[in-house]
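Chemist: Compact mmCIF, C-alpha atoms, file coords_19.txt:
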```txt
# COMPACT_ATOMS: atom_id res chain seq x y z
CA MET A 1 0.00 0.00 0.00
CA PHE A 2 2.79 2.40 0.97
CA LEU A 3 4.76 1.53 -2.21
CA THR A 4 1.66 2.11 -4.35
CA LYS A 5 1.12 5.56 -2.80
CA LEU A 6 4.81 6.34 -3.24
CA LYS A 7 4.63 5.38 -6.93
CA GLU A 8 1.48 7.46 -7.38
CA SER A 9 3.13 10.43 -5.68
CA HIS A 10 6.24 10.07 -7.88
CA PHE A 11 4.08 9.84 -11.02
CA LEU A 12 2.06 12.95 -10.08
CA LYS A 13 5.28 14.85 -9.36
CA GLN A 14 6.71 13.84 -12.75
CA LEU A 15 3.45 14.83 -14.44
CA ALA A 16 3.48 18.24 -12.72
CA ILE A 17 7.06 18.86 -13.91
CA PHE A 18 6.11 17.88 -17.47
CA PHE A 19 3.13 20.27 -17.55
CA ALA A 20 5.33 23.06 -16.17
CA ILE A 21 7.86 22.46 -18.99
CA LEU A 22 5.22 21.86 -21.67
CA GLY A 23 5.17 24.47 -24.42
CA PRO A 24 8.13 25.15 -26.75
CA GLY A 25 7.98 21.83 -28.66
CA ILE A 26 4.20 21.73 -29.06
CA ILE A 27 3.95 25.41 -30.05
CA THR A 28 6.80 25.24 -32.58
CA GLY A 29 5.41 22.04 -34.12
CA SER A 30 1.84 23.37 -34.27
CA VAL A 31 2.83 26.63 -35.99
CA ASP A 32 4.22 24.46 -38.77
CA ASN A 33 0.57 23.86 -39.75
CA ASP A 34 0.15 27.47 -40.85
CA ALA A 35 -1.87 28.82 -43.80
CA GLY A 36 0.90 27.77 -46.21
CA GLY A 37 1.17 24.27 -44.72
CA ILE A 38 -2.61 23.78 -44.75
CA THR A 39 -2.66 24.84 -48.41
CA VAL A 40 0.02 22.27 -49.32
CA TYR A 41 -1.78 19.46 -47.45
CA SER A 42 -5.16 20.43 -48.96
CA VAL A 43 -3.81 20.56 -52.52
CA ALA A 44 -2.02 17.21 -52.01
CA GLY A 45 -5.25 15.58 -50.78
CA ALA A 46 -7.35 17.09 -53.58
CA ASN A 47 -4.90 16.20 -56.38
CA TYR A 48 -3.53 12.84 -55.18
CA GLY A 49 -6.16 11.54 -52.74
CA TYR A 50 -4.51 9.37 -50.09
CA GLY A 51 -1.50 8.69 -52.34
CA LEU A 52 0.99 11.01 -50.62
CA ILE A 53 0.02 10.52 -46.97
CA TRP A 54 3.13 8.32 -46.55
CA THR A 55 5.36 11.46 -46.85
CA LEU A 56 4.27 12.43 -43.33
CA MET A 57 6.41 9.64 -41.82
CA PRO A 58 9.81 10.94 -43.03
CA SER A 59 8.58 14.48 -42.24
CA PHE A 60 7.94 13.44 -38.63
CA ILE A 61 11.42 11.88 -38.25
CA VAL A 62 13.23 14.91 -39.71
CA LEU A 63 11.22 17.37 -37.59
CA LEU A 64 11.95 15.38 -34.41
CA ILE A 65 15.70 15.27 -35.10
CA ILE A 66 16.07 18.98 -35.88
CA GLN A 67 13.92 20.17 -32.96
CA GLU A 68 15.81 17.98 -30.46
CA MET A 69 19.14 19.49 -31.55
CA ASN A 70 17.70 23.02 -31.18
CA ALA A 71 16.40 22.37 -27.69
CA ARG A 72 19.64 20.75 -26.53
CA MET A 73 21.72 23.64 -27.88
CA GLY A 74 19.48 26.21 -26.18
CA ILE A 75 19.50 24.41 -22.81
CA VAL A 76 23.28 23.79 -22.77
CA THR A 77 24.48 27.20 -24.00
CA GLY A 78 21.70 29.43 -22.68
CA LYS A 79 22.08 31.34 -25.97
CA GLY A 80 19.84 31.69 -29.00
CA LEU A 81 20.89 30.30 -32.38
CA SER A 82 21.31 33.89 -33.63
CA ASP A 83 23.82 34.68 -30.86
CA LEU A 84 25.81 31.53 -31.61
CA ILE A 85 25.91 32.20 -35.37
CA ARG A 86 27.09 35.80 -34.79
CA GLU A 87 29.78 34.72 -32.32
CA ASN A 88 31.12 31.98 -34.60
CA ALA A 89 30.50 33.25 -38.15
CA GLY A 90 31.04 36.99 -37.70
CA VAL A 91 28.84 40.08 -38.10
CA LYS A 92 28.99 40.31 -41.94
CA VAL A 93 27.72 36.75 -42.55
CA THR A 94 25.11 37.23 -39.81
CA PHE A 95 23.87 40.48 -41.39
CA PHE A 96 23.18 38.91 -44.81
CA ILE A 97 21.52 35.80 -43.31
CA PHE A 98 19.21 37.83 -41.11
CA ILE A 99 18.26 40.46 -43.67
CA GLY A 100 17.18 37.53 -45.89
CA LEU A 101 15.24 35.95 -43.02
CA LEU A 102 13.55 39.27 -42.18
CA ILE A 103 12.31 39.78 -45.76
CA SER A 104 11.23 36.13 -46.01
CA ASN A 105 9.23 36.27 -42.79
CA ILE A 106 7.43 39.47 -43.75
CA GLY A 107 6.26 37.49 -46.80
CA ASN A 108 5.33 34.50 -44.64
CA THR A 109 3.39 36.67 -42.17
CA THR A 110 1.54 38.28 -45.08
CA THR A 111 0.48 34.78 -46.16
CA GLU A 112 -0.90 34.16 -42.64
CA PHE A 113 -3.01 37.32 -42.82
CA ALA A 114 -4.24 36.13 -46.22
CA GLY A 115 -5.39 32.97 -44.38
CA VAL A 116 -7.21 35.12 -41.80
CA ALA A 117 -8.91 37.13 -44.56
CA GLY A 118 -9.87 34.05 -46.63
CA SER A 119 -11.27 32.05 -43.72
CA MET A 120 -13.33 34.96 -42.35
CA GLU A 121 -14.73 35.82 -45.79
CA ILE A 122 -16.30 32.33 -45.80
CA PHE A 123 -18.22 33.42 -42.67
CA GLY A 124 -19.19 36.69 -44.39
CA VAL A 125 -16.66 38.95 -42.61
CA SER A 126 -14.75 41.42 -44.80
CA LYS A 127 -10.94 41.37 -44.70
CA TYR A 128 -11.06 45.11 -43.93
CA ILE A 129 -12.59 44.15 -40.57
CA SER A 130 -10.94 40.77 -39.79
CA VAL A 131 -7.31 41.62 -40.62
CA PRO A 132 -7.00 44.88 -38.57
CA LEU A 133 -8.87 43.29 -35.62
CA VAL A 134 -6.62 40.21 -35.58
CA ALA A 135 -3.46 42.36 -35.98
CA ILE A 136 -4.45 44.55 -32.99
CA MET A 137 -5.41 41.51 -30.87
CA VAL A 138 -2.13 39.76 -31.63
CA TRP A 139 -0.12 42.93 -30.91
CA PHE A 140 -1.76 43.35 -27.48
CA LEU A 141 -1.18 39.68 -26.61
CA VAL A 142 2.58 39.94 -27.18
CA VAL A 143 3.37 43.56 -26.22
CA LYS A 144 1.10 43.83 -23.18
CA GLY A 145 1.13 40.19 -22.04
CA THR A 146 3.71 37.98 -20.33
CA TYR A 147 5.46 34.90 -21.71
CA GLN A 148 3.47 32.62 -19.41
CA VAL A 149 0.08 34.03 -20.48
CA ALA A 150 1.06 34.04 -24.17
CA GLU A 151 2.30 30.44 -23.96
CA ARG A 152 -0.99 29.22 -22.43
CA ILE A 153 -2.97 30.93 -25.22
CA PHE A 154 -0.62 29.43 -27.82
CA LEU A 155 -1.23 25.95 -26.36
CA ILE A 156 -5.00 26.49 -26.64
CA PHE A 157 -4.47 27.45 -30.30
CA SER A 158 -2.46 24.22 -30.77
CA VAL A 159 -5.32 22.09 -29.39
CA SER A 160 -7.86 24.00 -31.56
CA LEU A 161 -6.06 22.74 -34.68
CA LEU A 162 -7.46 19.29 -33.87
CA THR A 163 -10.77 20.54 -35.35
CA TYR A 164 -9.38 19.12 -38.60
CA VAL A 165 -9.91 15.65 -37.13
CA VAL A 166 -13.66 16.42 -36.94
CA SER A 167 -13.69 17.78 -40.49
CA ALA A 168 -11.95 14.65 -41.80
CA LEU A 169 -14.23 12.20 -39.96
CA MET A 170 -17.29 13.99 -41.39
CA SER A 171 -15.93 13.33 -44.89
CA LYS A 172 -16.35 9.53 -44.39
CA PRO A 173 -12.77 8.39 -45.23
CA GLN A 174 -11.91 4.96 -46.64
CA TRP A 175 -9.59 3.66 -43.92
CA SER A 176 -8.53 0.53 -45.83
CA GLU A 177 -7.37 2.68 -48.77
CA ILE A 178 -5.51 5.02 -46.39
CA GLY A 179 -3.73 2.05 -44.76
CA SER A 180 -2.78 0.65 -48.17
CA ALA A 181 -1.40 4.05 -49.31
CA ILE A 182 0.82 4.26 -46.19
CA ILE A 183 2.07 0.65 -46.40
CA HIS A 184 2.75 0.82 -50.15
CA PRO A 185 4.23 4.30 -50.85
CA HIS A 186 4.04 5.39 -54.47
CA VAL A 187 5.13 8.48 -56.42
CA GLU A 188 4.06 9.23 -59.97
CA ARG A 189 7.11 9.87 -62.16
CA ASN A 190 6.38 13.40 -63.26
CA THR A 191 7.46 16.91 -62.28
CA GLN A 192 4.18 17.85 -60.58
CA SER A 193 4.05 14.89 -58.19
CA LEU A 194 7.77 15.20 -57.38
CA ALA A 195 7.28 18.89 -56.63
CA MET A 196 4.36 18.01 -54.34
CA VAL A 197 6.44 15.43 -52.42
CA ILE A 198 9.20 18.02 -51.98
CA ALA A 199 6.67 20.62 -50.81
CA LEU A 200 5.10 18.17 -48.30
CA VAL A 201 8.43 17.21 -46.71
CA GLY A 202 9.93 20.69 -47.08
CA THR A 203 6.99 22.52 -45.50
CA THR A 204 7.76 20.70 -42.23
CA ILE A 205 11.03 22.56 -41.62
CA ALA A 206 11.34 26.34 -41.99
CA PRO A 207 14.39 28.49 -41.04
CA TRP A 208 12.46 30.56 -38.46
CA MET A 209 11.47 27.43 -36.49
CA GLN A 210 15.05 26.71 -35.47
CA PHE A 211 15.46 30.18 -33.96
CA TYR A 212 12.08 30.24 -32.25
CA MET A 213 12.50 26.82 -30.66
CA GLN A 214 15.89 27.70 -29.19
CA SER A 215 14.74 31.14 -27.98
CA SER A 216 11.58 29.74 -26.33
CA VAL A 217 13.60 27.08 -24.47
CA ILE A 218 15.82 29.87 -23.08
CA GLU A 219 12.84 32.17 -22.34
CA LYS A 220 11.29 29.33 -20.32
CA GLY A 221 14.55 28.88 -18.38
CA LEU A 222 14.88 25.12 -19.00
CA LYS A 223 17.94 23.18 -17.74
CA MET A 224 19.51 19.81 -18.61
CA LYS A 225 17.74 18.23 -15.62
CA ASN A 226 14.51 18.99 -17.54
CA TYR A 227 15.85 17.47 -20.76
CA LYS A 228 13.77 14.26 -20.77
CA TYR A 229 10.57 16.27 -20.29
CA THR A 230 11.62 18.64 -23.06
CA LEU A 231 12.08 15.62 -25.35
CA ILE A 232 8.52 14.49 -24.57
CA ASP A 233 7.27 18.02 -25.30
CA ILE A 234 9.07 17.98 -28.68
CA ALA A 235 7.76 14.50 -29.52
CA VAL A 236 4.17 15.52 -28.65
CA GLY A 237 4.57 18.65 -30.81
CA CYS A 238 5.81 16.59 -33.77
CA VAL A 239 2.94 14.11 -33.35
CA VAL A 240 0.37 16.96 -33.26
CA THR A 241 1.92 18.44 -36.43
CA VAL A 242 1.70 15.16 -38.34
CA VAL A 243 -1.78 14.24 -37.01
CA VAL A 244 -3.24 17.60 -38.14
CA ALA A 245 -1.54 17.29 -41.55
CA PHE A 246 -2.82 13.70 -41.88
CA PHE A 247 -6.46 14.65 -41.26
CA ILE A 248 -6.32 17.66 -43.61
CA MET A 249 -5.10 15.32 -46.38
CA VAL A 250 -7.76 12.76 -45.44
CA ALA A 251 -10.55 15.40 -45.50
CA CYS A 252 -9.58 16.61 -48.99
CA GLY A 253 -8.62 13.15 -50.27
CA SER A 254 -12.02 11.71 -49.27
CA THR A 255 -14.16 14.46 -50.81
CA LEU A 256 -12.40 16.65 -53.37
CA HIS A 257 -10.22 14.02 -55.07
CA PRO A 258 -13.01 11.51 -55.96
CA ASN A 259 -14.97 14.41 -57.50
CA GLY A 260 -11.99 15.71 -59.51
CA ILE A 261 -12.03 19.12 -57.78
CA GLN A 262 -8.77 21.08 -58.19
CA ILE A 263 -7.86 23.80 -55.67
CA ASN A 264 -5.18 26.46 -55.34
CA GLU A 265 -5.43 27.40 -51.67
CA ALA A 266 -6.86 26.24 -48.34
CA ARG A 267 -9.84 28.62 -48.66
CA ASP A 268 -10.88 26.81 -51.87
CA ALA A 269 -10.84 23.50 -49.96
CA ALA A 270 -13.18 24.88 -47.27
CA LEU A 271 -15.61 26.17 -49.92
CA ALA A 272 -15.50 22.94 -51.95
CA LEU A 273 -16.24 20.82 -48.86
CA LYS A 274 -19.63 22.51 -48.33
CA PRO A 275 -21.64 20.69 -51.06
CA LEU A 276 -19.71 17.43 -50.60
CA ALA A 277 -19.37 16.93 -46.82
CA GLY A 278 -21.92 19.45 -45.56
CA ARG A 279 -21.98 22.99 -44.20
CA LEU A 280 -20.62 21.98 -40.78
CA ALA A 281 -17.54 20.23 -42.26
CA SER A 282 -16.83 23.35 -44.36
CA ALA A 283 -17.26 25.63 -41.32
CA VAL A 284 -14.98 23.45 -39.17
CA PHE A 285 -12.30 23.44 -41.91
CA SER A 286 -12.58 27.24 -42.22
CA PHE A 287 -12.33 27.67 -38.45
CA GLY A 288 -9.16 25.51 -38.42
CA LEU A 289 -7.66 27.73 -41.13
CA PHE A 290 -8.54 30.85 -39.13
CA VAL A 291 -6.99 29.47 -35.90
CA ALA A 292 -3.83 28.35 -37.72
CA SER A 293 -3.47 31.70 -39.48
CA VAL A 294 -3.93 33.77 -36.28
CA PHE A 295 -1.55 31.46 -34.40
CA SER A 296 1.16 31.74 -37.04
CA ALA A 297 0.59 35.48 -37.54
CA THR A 298 1.47 35.80 -33.83
CA ILE A 299 4.47 33.45 -33.75
CA LEU A 300 6.21 34.30 -37.06
CA PRO A 301 6.82 38.02 -36.32
CA LEU A 302 7.66 37.08 -32.73
CA ALA A 303 10.26 34.54 -33.88
CA THR A 304 11.70 37.07 -36.34
CA ALA A 305 11.92 39.81 -33.71
CA PHE A 306 13.62 37.32 -31.35
CA TYR A 307 16.34 36.15 -33.71
CA VAL A 308 17.08 39.51 -35.37
CA SER A 309 17.40 41.14 -31.93
CA GLU A 310 19.65 38.31 -30.71
CA ALA A 311 21.77 38.47 -33.87
CA PHE A 312 22.56 42.15 -33.37
CA GLY A 313 22.83 42.10 -29.58
CA PHE A 314 19.51 43.79 -28.71
CA GLU A 315 17.46 42.86 -25.65
CA ALA A 316 14.58 40.53 -26.49
CA GLY A 317 11.71 38.81 -24.67
CA ILE A 318 7.95 39.04 -24.04
CA ASP A 319 8.56 39.45 -20.29
CA LYS A 320 10.63 42.59 -20.85
CA SER A 321 9.03 46.05 -20.94
CA TRP A 322 8.97 48.23 -24.06
CA ASP A 323 11.78 50.42 -22.67
CA GLU A 324 13.92 47.36 -21.81
CA ALA A 325 13.57 45.78 -25.29
CA LYS A 326 12.60 48.69 -27.56
CA GLU A 327 14.23 47.28 -30.72
CA PHE A 328 12.55 43.91 -30.18
CA TYR A 329 9.06 45.42 -29.88
CA VAL A 330 9.59 47.89 -32.75
CA LEU A 331 10.63 44.98 -35.00
CA TYR A 332 7.60 42.94 -33.93
CA THR A 333 5.20 45.83 -34.46
CA GLY A 334 6.75 46.72 -37.83
CA ILE A 335 6.52 43.18 -39.25
CA LEU A 336 2.92 42.84 -38.05
CA ALA A 337 1.87 46.23 -39.45
CA ILE A 338 3.58 45.82 -42.85
CA SER A 339 2.10 42.32 -43.36
CA ALA A 340 -1.44 43.40 -42.41
CA ILE A 341 -1.28 46.53 -44.62
CA ILE A 342 -0.14 44.48 -47.67
CA ILE A 343 -3.26 42.28 -47.34
CA LEU A 344 -5.51 45.36 -47.26
CA ILE A 345 -4.07 46.71 -50.55
CA PRO A 346 -6.57 45.93 -53.35
CA ASN A 347 -5.19 43.39 -55.88
CA ALA A 348 -1.98 42.86 -53.88
CA PRO A 349 0.18 40.15 -55.58
CA LEU A 350 -0.31 37.62 -52.75
CA ILE A 351 0.61 34.53 -54.79
CA GLN A 352 3.92 36.09 -55.89
CA ILE A 353 4.66 37.18 -52.30
CA SER A 354 3.98 33.63 -51.06
CA ILE A 355 6.14 32.03 -53.79
CA TRP A 356 9.11 34.35 -53.29
CA SER A 357 9.03 34.03 -49.50
CA GLN A 358 9.15 30.23 -49.94
CA VAL A 359 12.05 30.55 -52.40
CA LEU A 360 13.92 32.68 -49.85
CA ASN A 361 13.17 30.07 -47.18
CA GLY A 362 14.58 27.43 -49.52
CA ILE A 363 17.80 29.39 -50.05
CA LEU A 364 18.29 30.18 -46.35
CA LEU A 365 17.36 26.78 -44.87
CA PRO A 366 20.60 24.97 -45.94
CA VAL A 367 22.68 27.84 -44.50
CA VAL A 368 20.83 27.76 -41.15
CA LEU A 369 20.94 23.95 -40.88
CA LEU A 370 24.64 23.79 -41.78
CA SER A 371 25.41 26.44 -39.12
CA MET A 372 23.35 24.48 -36.61
CA ILE A 373 25.03 21.11 -37.12
CA LEU A 374 28.50 22.66 -37.01
CA LEU A 375 27.66 24.49 -33.76
CA ILE A 376 26.19 21.44 -32.02
CA ASN A 377 29.36 19.45 -32.78
CA ASN A 378 31.65 22.17 -31.40
CA LYS A 379 32.98 20.88 -28.06
CA LYS A 380 33.91 24.40 -26.91
CA ILE A 381 30.25 25.37 -27.19
CA MET A 382 28.47 22.15 -26.23
CA GLY A 383 30.99 20.43 -23.91
CA ASP A 384 29.90 16.82 -23.28
CA TYR A 385 26.55 17.40 -25.00
CA ILE A 386 27.78 17.32 -28.61
CA ASN A 387 26.03 14.89 -30.95
CA LYS A 388 26.69 11.18 -30.51
CA PRO A 389 27.91 9.31 -33.65
CA LEU A 390 24.38 8.02 -34.40
CA GLN A 391 22.90 11.49 -33.88
CA ASN A 392 25.47 12.87 -36.32
CA ILE A 393 24.63 10.27 -38.94
CA ILE A 394 20.92 11.02 -38.62
CA GLY A 395 21.56 14.78 -38.23
CA TRP A 396 23.81 15.10 -41.30
CA SER A 397 21.39 12.91 -43.29
CA ALA A 398 18.53 15.25 -42.32
CA VAL A 399 20.62 18.30 -43.28
CA ILE A 400 21.62 16.78 -46.64
CA ILE A 401 18.03 15.65 -47.42
CA LEU A 402 16.50 19.00 -46.47
CA THR A 403 19.19 20.92 -48.36
CA GLY A 404 18.57 18.73 -51.41
CA LEU A 405 14.80 19.26 -51.14
CA SER A 406 15.19 23.02 -50.76
CA LEU A 407 17.54 23.31 -53.72
CA THR A 408 15.30 21.06 -55.83
CA LEU A 409 12.28 23.18 -54.91
CA ILE A 410 14.13 26.28 -56.19
CA ILE A 411 15.62 24.65 -59.32
CA LEU A 412 12.63 22.49 -60.39
CA PRO A 413 10.44 25.37 -61.68
CA LEU A 414 13.26 26.42 -64.05
CA PHE A 415 12.84 23.15 -65.97
```
Output the structure of this file as structure tokens.
Modeler:
Amino acid sequence: MFLTKLKESHFLKQLAIFFAILGPGIITGSVDNDAGGITVYSVAGANYGYGLIWTLMPSFIVLLIIQEMNARMGIVTGKGLSDLIRENAGVKVTFFIFIGLLISNIGNTTTEFAGVAGSMEIFGVSKYISVPLVAIMVWFLVVKGTYQVAERIFLIFSVSLLTYVVSALMSKPQWSEIGSAIIHPHVERNTQSLAMVIALVGTTIAPWMQFYMQSSVIEKGLKMKNYKYTLIDIAVGCVVTVVVAFFIMVACGSTLHPNGIQINEARDAALALKPLAGRLASAVFSFGLFVASVFSATILPLATAFYVSEAFGFEAGIDKSWDEAKEFYVLYTGILAISAIIILIPNAPLIQISIWSQVLNGILLPVVLLSMILLINNKKIMGDYINKPLQNIIGWSAVIILTGLSLTLIILPLF
């Protein structure tokens, strides 16, 4: 009896520690399912049915590997990835990397506000109302809130993304066909399907994620004694990412694909679901797009403000006042304002903005990942916590694969 109570007490203590540490991994993974990611998954489901669901498995493995390295580096060094790159690569290299990342993320944030506008227009709300309201709400959350409050709201957003499970189940999926597509992976030998595979795997890892993950681990004050709980947090985040992506592909693969409906963006998928799976399924899909877009419109500028401030030695952090971290808050406000204003411009070239921001991501990702793997293997920086041989094999493989995918994604359209 005493031993049972002792075990229960130990379990509850461990659970309490985990919930206290919970956050960085789940939030970073969930933001991956942004308006751009939802568009890719929706188009894949509509065009290829269940045929490309298998790509989520390698995506999960790569995401897990990269995020673990980020967290470990942040916990051991107590420094953001931006700081480490500046200290080891010099100011000139850092300047060009971060100017590229800043431009890219303004484009990415603009895409998120396009998701807000598109999803709310389905509910009859004009973008001239939804976009300014969301921008102001997001600004207040970050500038006037604390890290702890913001993190709890972000976690609620993460859970809200599971509405896609409901949308998918309402579309009456063929589970035997889904199982067969996963067990027997297949890729059509043409440029379009190869590009879609690259987009599906490549959309999992973005340059900004590496900086945000490391900064949020530091902001939360995690130590190596918390490492095993951090690993669980990362694993849960990766699972949530893949589960949401899976059900988006299932929803579109079960309804749009059998009816030969082609789409260009996530908003089209929500509209097309209405006559096929019912008004509720369409509304749930639209709500998921709205939540994902608001979530990412909060995190992307925040991540950018974090790593640009770190790179150039400015104070950064949600828990700091405006006077303590003026550059950080000015950057955040500027990115948010510019992105929202672009969406409100009539006939703004949103598709071109989205494409070029992804191209910039593709160019910068290999540079960021190469910097990361060199830093984590530097004994002066990491001490006894450098990568083990197996971690290096997997890590370098992930870097090479992601670099190859990014370069292919840039080069493929030329042919």
Chemist: Tell me which of A:Met196, A:Ala270, A:Leu222, A:Leu52 sits closest to Arg72 (chain A), counting all atoms listed in the file.
Modeler: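 Once distances to Arg72 (chain A) are computed over all atoms listed in the file, the minimum belongs to A:Leu222.
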Chemist: Using only C-alpha atoms, which of A:Ser282, A:Asn259, A:Ser397, A:Asn377 sits nearest Ser119 (chain A)?
Modeler: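 Among A:Ser282, A:Asn259, A:Ser397, A:Asn377, it is A:Ser282 that comes nearest to Ser119 (chain A).
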Chemist: Please report the interatomic distance between CA of Gln391 (chain A) and CA of Ile376 (chain A) in Å with one decimal.
Modeler: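 So the answer is 10.6 Å.
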Chemist: CA of Leu101 (chain A) to CA of Met120 (chain A): how many Å, to one decimal?
Modeler: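 About the pair CA of Leu101 (chain A) and CA of Met120 (chain A): they are 28.6 Å apart.
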Chemist: With all atoms listed in the file as the atoms that count, which of A:Leu370, A:Ala181, A:Ile232, A:Ile318 lies nearest to Lys144 (chain A)?
Modeler: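 Using all atoms listed in the file, Lys144 (chain A) sits closest to A:Ile318.
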Chemist: Just want the 6 Å neighbourhood of Leu331 (chain A), counted on all atoms listed in the file, with same-chain residues fewer than 3 positions away dropped. Output as a PyMOL selection string.
Modeler: chain A and resi 305+328+334
Chemist: Can you tell me, as an mmCIF file with C-alpha atoms, in the frame of the given file, what residues are no more than 10 Å from Leu365 (chain A) when counting all atoms listed in the file, ignoring any on the same chain fewer than 2 positions away?
Modeler:
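In the end it all went to part36.cif:
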```
data_model
loop_
_atom_site.group_PDB
_atom_site.id
_atom_site.type_symbol
_atom_site.label_atom_id
_atom_site.label_comp_id
_atom_site.auth_asym_id
_atom_site.auth_seq_id
_atom_site.Cartn_x
_atom_site.Cartn_y
_atom_site.Cartn_z
ATOM 1 C CA LEU A 101 15.240 35.950 -43.020
ATOM 2 C CA GLY A 202 9.930 20.690 -47.080
ATOM 3 C CA ILE A 205 11.030 22.560 -41.620
ATOM 4 C CA ALA A 206 11.340 26.340 -41.990
ATOM 5 C CA PRO A 207 14.390 28.490 -41.040
ATOM 6 C CA TRP A 208 12.460 30.560 -38.460
ATOM 7 C CA GLN A 210 15.050 26.710 -35.470
ATOM 8 C CA VAL A 359 12.050 30.550 -52.400
ATOM 9 C CA LEU A 360 13.920 32.680 -49.850
ATOM 10 C CA ASN A 361 13.170 30.070 -47.180
ATOM 11 C CA GLY A 362 14.580 27.430 -49.520
ATOM 12 C CA ILE A 363 17.800 29.390 -50.050
ATOM 13 C CA VAL A 367 22.680 27.840 -44.500
ATOM 14 C CA VAL A 368 20.830 27.760 -41.150
ATOM 15 C CA LEU A 369 20.940 23.950 -40.880
ATOM 16 C CA LEU A 370 24.640 23.790 -41.780
ATOM 17 C CA SER A 371 25.410 26.440 -39.120
ATOM 18 C CA VAL A 399 20.620 18.300 -43.280
ATOM 19 C CA LEU A 402 16.500 19.000 -46.470
ATOM 20 C CA THR A 403 19.190 20.920 -48.360
ATOM 21 C CA SER A 406 15.190 23.020 -50.760
ATOM 22 C CA LEU A 407 17.540 23.310 -53.720
#
```
Chemist: Hey, can I get the axis-aligned box for region 227-245 of chain A? All listed atoms, 5 Å padding on each side, centre and edge lengths in Å to one decimal, as lines of an AutoDock Vina configuration file.
Modeler:
```
center_x = 6.3
center_y = 16.4
center_z = -30.9
size_x = 29.1
size_y = 14.5
size_z = 31.3
```
Chemist: Counting only C-alpha atoms, which residue out of A:Thr304, A:Ser321, A:Asn392, A:Asn347 sits closest to Ile103 (chain A)?
Modeler: A:Thr304
Chemist: Mind pulling up the distance from CA of Val236 (chain A) to CA of Ile75 (chain A)?
Modeler: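 Calculated distance between CA of Ile75 (chain A) and CA of Val236 (chain A) is 18.7 Å.
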Chemist: Please provide the set of residues having any atom within 12 Å of Leu280 (chain A), restricted to only C-alpha atoms, with same-chain residues fewer than 3 positions apart removed, written as a PyMOL selection string.
Modeler: chain A and resi 123+163-164+166-171+270-271+273-277+283-287
Chemist: Considering only C-alpha atoms, state which residue in the set A:Lys320, A:Lys225, A:His257, A:Arg267 is at the smallest distance from Ala35 (chain A).
Modeler: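 Ranking A:Lys320, A:Lys225, A:His257, A:Arg267 by distance to Ala35 (chain A), first place goes to A:Arg267.
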Chemist: Can you tell me which residues surround region 309-316 of chain A at a distance of at most 12 Å, considering only C-alpha atoms, apart from same-chain residues fewer than 3 positions away, and format the answer as a PyMOL selection string?
Modeler: chain A and resi 79-99+101-102+143+147+211-212+214-216+218-219+301-306+319-332
Chemist: Looking at A:Val142, A:Leu256, A:Met73, A:Ala199, which one is nearest to Asn378 (chain A), with distances taken over all atoms listed in the file?
Modeler: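 Among the listed residues, the smallest separation from Asn378 (chain A) belongs to A:Met73.
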